[in-house]
Amino acid sequence: LTARLKPQAETQVQEFALQQNITTLRNRVNELGVAEPVIQQQGASRVVVQLPGVQDTAKAKDILGRTATLEIRMVDERADPIAIAQGQVPFGDESVASREGGNIAVKKDVVLTGDSITDASPGFDSTSGQAAVHINLDGKGARIFKDVTRENVGKRMAILLIEKGKGEVVTAPVIRTEIGGGRVQISGRMSTVEANDVALLLRAGSLAAPMDIIEERTIGPS
């Protein structure tokens, strides 16, 4: 069987993705604190962004173009580390690179995504003093997180940061106790700058489709 979208459906998907990206770009520019920015659609697949007074253009471009999303998944405790290193993962699992070194087998089933995040702020881990990102979940996300942590005490939960379709396990802690209240903390080998950037991206939402910078100009006040 070959399934194809109708041309009008393809156009609708493209228009929706572009509108969502424009909304996300506006959120990100607001987080950057730029005064009187211009963000507008140009043609069918382009967006013009004007940022008056931005000093660090490289940082602004990085923040605007990143497609960071968050996923929380369970680690497969039964997976053999040697087999994972050789690229063999159990059915229903996926091998994902970890910041702590090597690869981890995580279940393909996603417990929560970044869509459940209502707020994210940079901070520090109260026990280790490491840079961290503190996340607040919405009502539904908080309920799911509470249920999953209650049912999986003693098991590991992986927090993945996904950029441009590639996932990386930031941290995979053991669940010590049920976590209610909808507050989650991500910490694991990140600098304070990265914690700031990740918090900004999670607050502003993820891009519906990847974007590339095709033209860039810096103009003087005149």
# chains A, B, ... in the order shown; residues from 1 in each chain; ligands from 1
>>> residues_around(residues="stretch 166-169 of chain A", least_positions_apart="3", cutoff="9 Å", atoms="only C-alpha atoms", output="PyMOL selection string")
chain A and resi 71+96-100+103-104+158-163+172
>>> residues_around(residues="A:Leu32", least_positions_apart="2", cutoff="9 Å", atoms="only C-alpha atoms", output="PyMOL selection string")
chain A and resi 27-30+34+60+63+200
>>> write_last_selection(atoms="N, CA and C atoms", output="JSON list (two decimals), in the first residue's frame")
[["chain", "number", "residue", "atom", "x", "y", "z"],
["A", 27, "ASN", "N", 8.24, 33.91, 20.34],
["A", 27, "ASN", "CA", 8.48, 33.58, 21.75],
["A", 27, "ASN", "C", 9.97, 33.64, 22.08],
["A", 28, "ARG", "N", 10.79, 33.10, 21.16],
["A", 28, "ARG", "CA", 12.23, 33.07, 21.42],
["A", 28, "ARG", "C", 12.83, 34.47, 21.40],
["A", 29, "VAL", "N", 12.37, 35.29, 20.46],
["A", 29, "VAL", "CA", 12.86, 36.67, 20.38],
["A", 29, "VAL", "C", 12.46, 37.44, 21.64],
["A", 30, "ASN", "N", 11.24, 37.20, 22.13],
["A", 30, "ASN", "CA", 10.80, 37.84, 23.38],
["A", 30, "ASN", "C", 11.69, 37.43, 24.54],
["A", 34, "VAL", "N", 14.68, 41.39, 22.81],
["A", 34, "VAL", "CA", 14.93, 42.36, 21.74],
["A", 34, "VAL", "C", 13.75, 43.33, 21.65],
["A", 60, "ALA", "N", 22.16, 34.81, 18.75],
["A", 60, "ALA", "CA", 20.76, 34.99, 18.32],
["A", 60, "ALA", "C", 20.41, 33.96, 17.24],
["A", 63, "ILE", "N", 19.99, 30.41, 18.79],
["A", 63, "ILE", "CA", 18.74, 30.27, 19.53],
["A", 63, "ILE", "C", 17.54, 30.18, 18.58],
["A", 200, "LEU", "N", 15.42, 28.47, 27.93],
["A", 200, "LEU", "CA", 14.79, 29.40, 26.98],
["A", 200, "LEU", "C", 14.07, 28.63, 25.88]]
>>> select_by_dssp(residues="stretch 67-146 of chain A", states="strand (DSSP E)", output="PyMOL selection string")
chain A and resi 69-74+93-98+103-107+112-113+117-124+131-137
>>> write_last_selection(atoms="N, CA and C atoms", output="short mmCIF file (atom, residue, chain, number, x, y, z; two decimals), in the first residue's frame")
data_model
loop_
_atom_site.label_atom_id
_atom_site.label_comp_id
_atom_site.auth_asym_id
_atom_site.auth_seq_id
_atom_site.Cartn_x
_atom_site.Cartn_y
_atom_site.Cartn_z
N THR A 69 13.69 19.76 21.45
CA THR A 69 12.49 19.28 22.13
C THR A 69 12.94 18.34 23.24
N LEU A 70 12.04 18.12 24.17
CA LEU A 70 12.36 17.26 25.32
C LEU A 70 11.47 16.03 25.29
N GLU A 71 12.04 14.88 25.62
CA GLU A 71 11.24 13.65 25.77
C GLU A 71 11.68 12.94 27.04
N ILE A 72 10.69 12.40 27.75
CA ILE A 72 11.00 11.57 28.91
C ILE A 72 10.58 10.15 28.57
N ARG A 73 11.53 9.21 28.67
CA ARG A 73 11.25 7.80 28.38
C ARG A 73 11.87 6.92 29.46
N MET A 74 11.39 5.69 29.55
CA MET A 74 11.96 4.76 30.52
C MET A 74 13.17 4.05 29.92
N ASP A 93 12.91 -1.00 21.67
CA ASP A 93 13.89 -0.08 22.28
C ASP A 93 14.62 0.71 21.20
N GLU A 94 15.35 1.70 21.68
CA GLU A 94 16.19 2.52 20.79
C GLU A 94 17.48 2.82 21.53
N SER A 95 18.59 2.74 20.81
CA SER A 95 19.89 3.05 21.42
C SER A 95 20.17 4.54 21.25
N VAL A 96 20.40 5.22 22.38
CA VAL A 96 20.60 6.68 22.35
C VAL A 96 21.90 7.03 23.08
N ALA A 97 22.67 7.94 22.49
CA ALA A 97 23.93 8.37 23.12
C ALA A 97 23.65 9.08 24.43
N SER A 98 24.53 8.85 25.41
CA SER A 98 24.36 9.47 26.72
C SER A 98 25.52 10.42 27.02
N ASN A 103 26.20 4.35 25.13
CA ASN A 103 24.80 4.44 24.70
C ASN A 103 23.89 3.76 25.71
N ILE A 104 22.64 4.19 25.76
CA ILE A 104 21.64 3.61 26.68
C ILE A 104 20.47 3.12 25.84
N ALA A 105 19.91 1.96 26.21
CA ALA A 105 18.70 1.46 25.54
C ALA A 105 17.49 2.07 26.24
N VAL A 106 16.74 2.90 25.50
CA VAL A 106 15.53 3.48 26.06
C VAL A 106 14.33 2.96 25.28
N LYS A 107 13.20 2.88 25.96
CA LYS A 107 11.99 2.39 25.29
C LYS A 107 11.49 3.44 24.30
N LEU A 112 6.47 11.45 28.31
CA LEU A 112 6.07 12.87 28.23
C LEU A 112 6.92 13.58 27.19
N THR A 113 6.35 14.62 26.58
CA THR A 113 7.12 15.47 25.66
C THR A 113 7.14 16.89 26.18
N ILE A 117 5.22 21.09 29.06
CA ILE A 117 5.96 22.06 29.88
C ILE A 117 5.26 23.42 29.87
N THR A 118 5.01 23.96 31.06
CA THR A 118 4.41 25.29 31.17
C THR A 118 5.48 26.36 31.46
N ASP A 119 6.57 25.95 32.10
CA ASP A 119 7.64 26.90 32.40
C ASP A 119 8.95 26.15 32.60
N ALA A 120 10.05 26.80 32.27
CA ALA A 120 11.38 26.22 32.48
C ALA A 120 12.33 27.34 32.86
N SER A 121 13.11 27.12 33.91
CA SER A 121 14.04 28.17 34.35
C SER A 121 15.39 27.55 34.73
N PRO A 122 16.48 28.28 34.46
CA PRO A 122 17.81 27.77 34.84
C PRO A 122 18.01 27.91 36.35
N GLY A 123 18.83 27.04 36.91
CA GLY A 123 19.12 27.11 38.35
C GLY A 123 20.24 26.14 38.68
N PHE A 124 20.23 25.65 39.91
CA PHE A 124 21.28 24.72 40.36
C PHE A 124 20.67 23.56 41.12
N ALA A 131 24.82 23.01 37.48
CA ALA A 131 23.80 23.76 36.74
C ALA A 131 22.65 22.83 36.39
N ALA A 132 21.44 23.35 36.45
CA ALA A 132 20.26 22.52 36.20
C ALA A 132 19.16 23.37 35.56
N VAL A 133 18.17 22.68 34.99
CA VAL A 133 16.98 23.35 34.47
C VAL A 133 15.79 22.84 35.26
N HIS A 134 15.02 23.76 35.84
CA HIS A 134 13.83 23.41 36.61
C HIS A 134 12.61 23.58 35.72
N ILE A 135 11.79 22.52 35.65
CA ILE A 135 10.66 22.49 34.73
C ILE A 135 9.35 22.35 35.49
N ASN A 136 8.34 23.10 35.05
CA ASN A 136 6.98 22.93 35.58
C ASN A 136 6.13 22.28 34.50
N LEU A 137 5.34 21.27 34.89
CA LEU A 137 4.46 20.58 33.94
C LEU A 137 3.02 21.05 34.11
#
>>> atom_distance(atom1="atom CA of A:Gln86", atom2="atom CA of A:Ser187")
27.9 Å
>>> closest_residue(among="A:Ile82, A:Ile22, A:Ala199, A:Val148", to="A:Thr177", atoms="only C-alpha atoms")
A:Val148
>>> select_by_dssp(residues="stretch 135-200 of chain A", states="alpha helix (DSSP H)", output="PyMOL selection string")
chain A and resi 139-151+192-200
>>> atom_distance(atom1="atom CA of A:Pro52", atom2="atom CA of A:Pro37")
6.4 Å
>>> residues_around(residues="A:Thr24", least_positions_apart="2", cutoff="12 Å", atoms="only C-alpha atoms", output="PDB file with N, CA, C and O atoms, in the first residue's frame")
ATOM      1  N   ALA A  17       2.867  24.500   9.741  1.00  0.00           N
ATOM      2  CA  ALA A  17       4.237  24.433  10.288  1.00  0.00           C
ATOM      3  C   ALA A  17       4.877  25.816  10.288  1.00  0.00           C
ATOM      4  O   ALA A  17       5.541  26.209  11.251  1.00  0.00           O
ATOM      5  N   LEU A  18       4.655  26.563   9.185  1.00  0.00           N
ATOM      6  CA  LEU A  18       5.252  27.896   9.084  1.00  0.00           C
ATOM      7  C   LEU A  18       4.672  28.834  10.138  1.00  0.00           C
ATOM      8  O   LEU A  18       5.404  29.571  10.801  1.00  0.00           O
ATOM      9  N   GLN A  19       3.339  28.795  10.314  1.00  0.00           N
ATOM     10  CA  GLN A  19       2.695  29.654  11.316  1.00  0.00           C
ATOM     11  C   GLN A  19       3.166  29.298  12.728  1.00  0.00           C
ATOM     12  O   GLN A  19       3.418  30.173  13.554  1.00  0.00           O
ATOM     13  N   GLN A  20       3.299  27.987  12.988  1.00  0.00           N
ATOM     14  CA  GLN A  20       3.774  27.561  14.313  1.00  0.00           C
ATOM     15  C   GLN A  20       5.218  28.020  14.534  1.00  0.00           C
ATOM     16  O   GLN A  20       5.579  28.463  15.623  1.00  0.00           O
ATOM     17  N   ASN A  21       6.036  27.929  13.485  1.00  0.00           N
ATOM     18  CA  ASN A  21       7.423  28.383  13.599  1.00  0.00           C
ATOM     19  C   ASN A  21       7.497  29.884  13.865  1.00  0.00           C
ATOM     20  O   ASN A  21       8.326  30.341  14.653  1.00  0.00           O
ATOM     21  N   ILE A  22       6.625  30.660  13.208  1.00  0.00           N
ATOM     22  CA  ILE A  22       6.620  32.111  13.427  1.00  0.00           C
ATOM     23  C   ILE A  22       6.259  32.427  14.884  1.00  0.00           C
ATOM     24  O   ILE A  22       6.894  33.260  15.533  1.00  0.00           O
ATOM     25  N   ARG A  26       8.719  34.171  17.590  1.00  0.00           N
ATOM     26  CA  ARG A  26       8.315  35.346  18.385  1.00  0.00           C
ATOM     27  C   ARG A  26       8.598  35.106  19.865  1.00  0.00           C
ATOM     28  O   ARG A  26       9.119  35.984  20.556  1.00  0.00           O
ATOM     29  N   ASN A  27       8.236  33.908  20.341  1.00  0.00           N
ATOM     30  CA  ASN A  27       8.482  33.575  21.755  1.00  0.00           C
ATOM     31  C   ASN A  27       9.966  33.637  22.080  1.00  0.00           C
ATOM     32  O   ASN A  27      10.370  34.154  23.125  1.00  0.00           O
ATOM     33  N   ARG A  28      10.789  33.097  21.163  1.00  0.00           N
ATOM     34  CA  ARG A  28      12.233  33.067  21.415  1.00  0.00           C
ATOM     35  C   ARG A  28      12.829  34.468  21.395  1.00  0.00           C
ATOM     36  O   ARG A  28      13.691  34.798  22.207  1.00  0.00           O
ATOM     37  N   VAL A  29      12.367  35.293  20.463  1.00  0.00           N
ATOM     38  CA  VAL A  29      12.863  36.672  20.383  1.00  0.00           C
ATOM     39  C   VAL A  29      12.460  37.442  21.645  1.00  0.00           C
ATOM     40  O   VAL A  29      13.252  38.212  22.195  1.00  0.00           O
ATOM     41  N   ASN A  30      11.235  37.203  22.128  1.00  0.00           N
ATOM     42  CA  ASN A  30      10.798  37.842  23.377  1.00  0.00           C
ATOM     43  C   ASN A  30      11.694  37.433  24.537  1.00  0.00           C
ATOM     44  O   ASN A  30      12.035  38.252  25.395  1.00  0.00           O
ATOM     45  N   GLU A  31      12.072  36.142  24.557  1.00  0.00           N
ATOM     46  CA  GLU A  31      12.958  35.649  25.630  1.00  0.00           C
ATOM     47  C   GLU A  31      14.345  36.289  25.529  1.00  0.00           C
ATOM     48  O   GLU A  31      15.020  36.494  26.536  1.00  0.00           O
ATOM     49  N   ILE A  39       8.980  40.062  12.747  1.00  0.00           N
ATOM     50  CA  ILE A  39       8.991  38.650  12.339  1.00  0.00           C
ATOM     51  C   ILE A  39       7.785  38.451  11.432  1.00  0.00           C
ATOM     52  O   ILE A  39       6.645  38.542  11.881  1.00  0.00           O
ATOM     53  N   VAL A  47      10.684  33.103   6.288  1.00  0.00           N
ATOM     54  CA  VAL A  47      10.347  34.044   7.357  1.00  0.00           C
ATOM     55  C   VAL A  47      11.465  35.081   7.443  1.00  0.00           C
ATOM     56  O   VAL A  47      12.644  34.726   7.414  1.00  0.00           O
ATOM     57  N   ILE A  63      19.994  30.410  18.787  1.00  0.00           N
ATOM     58  CA  ILE A  63      18.736  30.271  19.532  1.00  0.00           C
ATOM     59  C   ILE A  63      17.543  30.179  18.582  1.00  0.00           C
ATOM     60  O   ILE A  63      16.634  29.377  18.769  1.00  0.00           O
ATOM     61  N   LEU A  64      17.549  31.009  17.520  1.00  0.00           N
ATOM     62  CA  LEU A  64      16.415  31.038  16.590  1.00  0.00           C
ATOM     63  C   LEU A  64      16.311  29.745  15.780  1.00  0.00           C
ATOM     64  O   LEU A  64      15.220  29.288  15.477  1.00  0.00           O
ATOM     65  N   GLY A  65      17.451  29.152  15.449  1.00  0.00           N
ATOM     66  CA  GLY A  65      17.433  28.000  14.540  1.00  0.00           C
ATOM     67  C   GLY A  65      17.360  26.630  15.201  1.00  0.00           C
ATOM     68  O   GLY A  65      17.094  25.632  14.535  1.00  0.00           O
ATOM     69  N   ARG A  66      17.585  26.565  16.500  1.00  0.00           N
ATOM     70  CA  ARG A  66      17.629  25.246  17.154  1.00  0.00           C
ATOM     71  C   ARG A  66      16.241  24.616  17.256  1.00  0.00           C
ATOM     72  O   ARG A  66      15.256  25.294  17.493  1.00  0.00           O
ATOM     73  N   THR A  67      16.186  23.308  17.056  1.00  0.00           N
ATOM     74  CA  THR A  67      14.893  22.596  17.082  1.00  0.00           C
ATOM     75  C   THR A  67      14.797  21.705  18.317  1.00  0.00           C
ATOM     76  O   THR A  67      14.446  20.537  18.228  1.00  0.00           O
ATOM     77  N   ALA A  68      15.178  22.251  19.457  1.00  0.00           N
ATOM     78  CA  ALA A  68      15.254  21.435  20.667  1.00  0.00           C
ATOM     79  C   ALA A  68      13.865  21.050  21.190  1.00  0.00           C
ATOM     80  O   ALA A  68      12.999  21.892  21.344  1.00  0.00           O
ATOM     81  N   LEU A 200      15.421  28.471  27.927  1.00  0.00           N
ATOM     82  CA  LEU A 200      14.794  29.400  26.975  1.00  0.00           C
ATOM     83  C   LEU A 200      14.073  28.625  25.876  1.00  0.00           C
ATOM     84  O   LEU A 200      12.918  28.911  25.538  1.00  0.00           O
ATOM     85  N   LEU A 201      14.742  27.622  25.304  1.00  0.00           N
ATOM     86  CA  LEU A 201      14.152  26.844  24.203  1.00  0.00           C
ATOM     87  C   LEU A 201      12.912  26.087  24.653  1.00  0.00           C
ATOM     88  O   LEU A 201      11.920  26.004  23.928  1.00  0.00           O
ATOM     89  N   LEU A 202      12.959  25.528  25.864  1.00  0.00           N
ATOM     90  CA  LEU A 202      11.811  24.765  26.368  1.00  0.00           C
ATOM     91  C   LEU A 202      10.642  25.697  26.692  1.00  0.00           C
ATOM     92  O   LEU A 202       9.484  25.337  26.479  1.00  0.00           O
ATOM     93  N   ARG A 203      10.936  26.887  27.194  1.00  0.00           N
ATOM     94  CA  ARG A 203       9.885  27.871  27.471  1.00  0.00           C
ATOM     95  C   ARG A 203       9.222  28.339  26.190  1.00  0.00           C
ATOM     96  O   ARG A 203       8.017  28.514  26.121  1.00  0.00           O
ATOM     97  N   ALA A 204      10.039  28.562  25.169  1.00  0.00           N
ATOM     98  CA  ALA A 204       9.531  29.141  23.922  1.00  0.00           C
ATOM     99  C   ALA A 204       8.903  28.099  23.006  1.00  0.00           C
ATOM    100  O   ALA A 204       8.317  28.441  21.990  1.00  0.00           O
ATOM    101  N   GLY A 205       9.033  26.828  23.326  1.00  0.00           N
ATOM    102  CA  GLY A 205       8.449  25.783  22.490  1.00  0.00           C
ATOM    103  C   GLY A 205       9.398  25.349  21.390  1.00  0.00           C
ATOM    104  O   GLY A 205      10.423  25.972  21.134  1.00  0.00           O
ATOM    105  N   SER A 206       9.046  24.260  20.715  1.00  0.00           N
ATOM    106  CA  SER A 206       9.916  23.704  19.680  1.00  0.00           C
ATOM    107  C   SER A 206       9.418  24.114  18.301  1.00  0.00           C
ATOM    108  O   SER A 206       8.241  24.399  18.097  1.00  0.00           O
ATOM    109  N   LEU A 207      10.336  24.140  17.348  1.00  0.00           N
ATOM    110  CA  LEU A 207       9.973  24.462  15.975  1.00  0.00           C
ATOM    111  C   LEU A 207       9.252  23.276  15.352  1.00  0.00           C
ATOM    112  O   LEU A 207       9.643  22.128  15.552  1.00  0.00           O
ATOM    113  N   ALA A 208       8.194  23.550  14.578  1.00  0.00           N
ATOM    114  CA  ALA A 208       7.434  22.476  13.936  1.00  0.00           C
ATOM    115  C   ALA A 208       8.230  21.849  12.799  1.00  0.00           C
ATOM    116  O   ALA A 208       8.038  20.687  12.463  1.00  0.00           O
ATOM    117  N   ALA A 209       9.123  22.634  12.183  1.00  0.00           N
ATOM    118  CA  ALA A 209       9.969  22.126  11.100  1.00  0.00           C
ATOM    119  C   ALA A 209      11.323  22.817  11.205  1.00  0.00           C
ATOM    120  O   ALA A 209      11.394  23.973  11.615  1.00  0.00           O
ATOM    121  N   PRO A 210      12.408  22.116  10.848  1.00  0.00           N
ATOM    122  CA  PRO A 210      13.740  22.751  10.934  1.00  0.00           C
ATOM    123  C   PRO A 210      13.830  23.948   9.996  1.00  0.00           C
ATOM    124  O   PRO A 210      13.204  23.974   8.940  1.00  0.00           O
ATOM    125  N   MET A 211      14.614  24.940  10.406  1.00  0.00           N
ATOM    126  CA  MET A 211      14.791  26.134   9.576  1.00  0.00           C
ATOM    127  C   MET A 211      16.282  26.374   9.353  1.00  0.00           C
ATOM    128  O   MET A 211      17.096  26.116  10.225  1.00  0.00           O
TER     129      MET A 211
END
>>> atom_distance(atom1="atom CA of A:Lys140", atom2="atom CA of A:Gly182")
9.1 Å
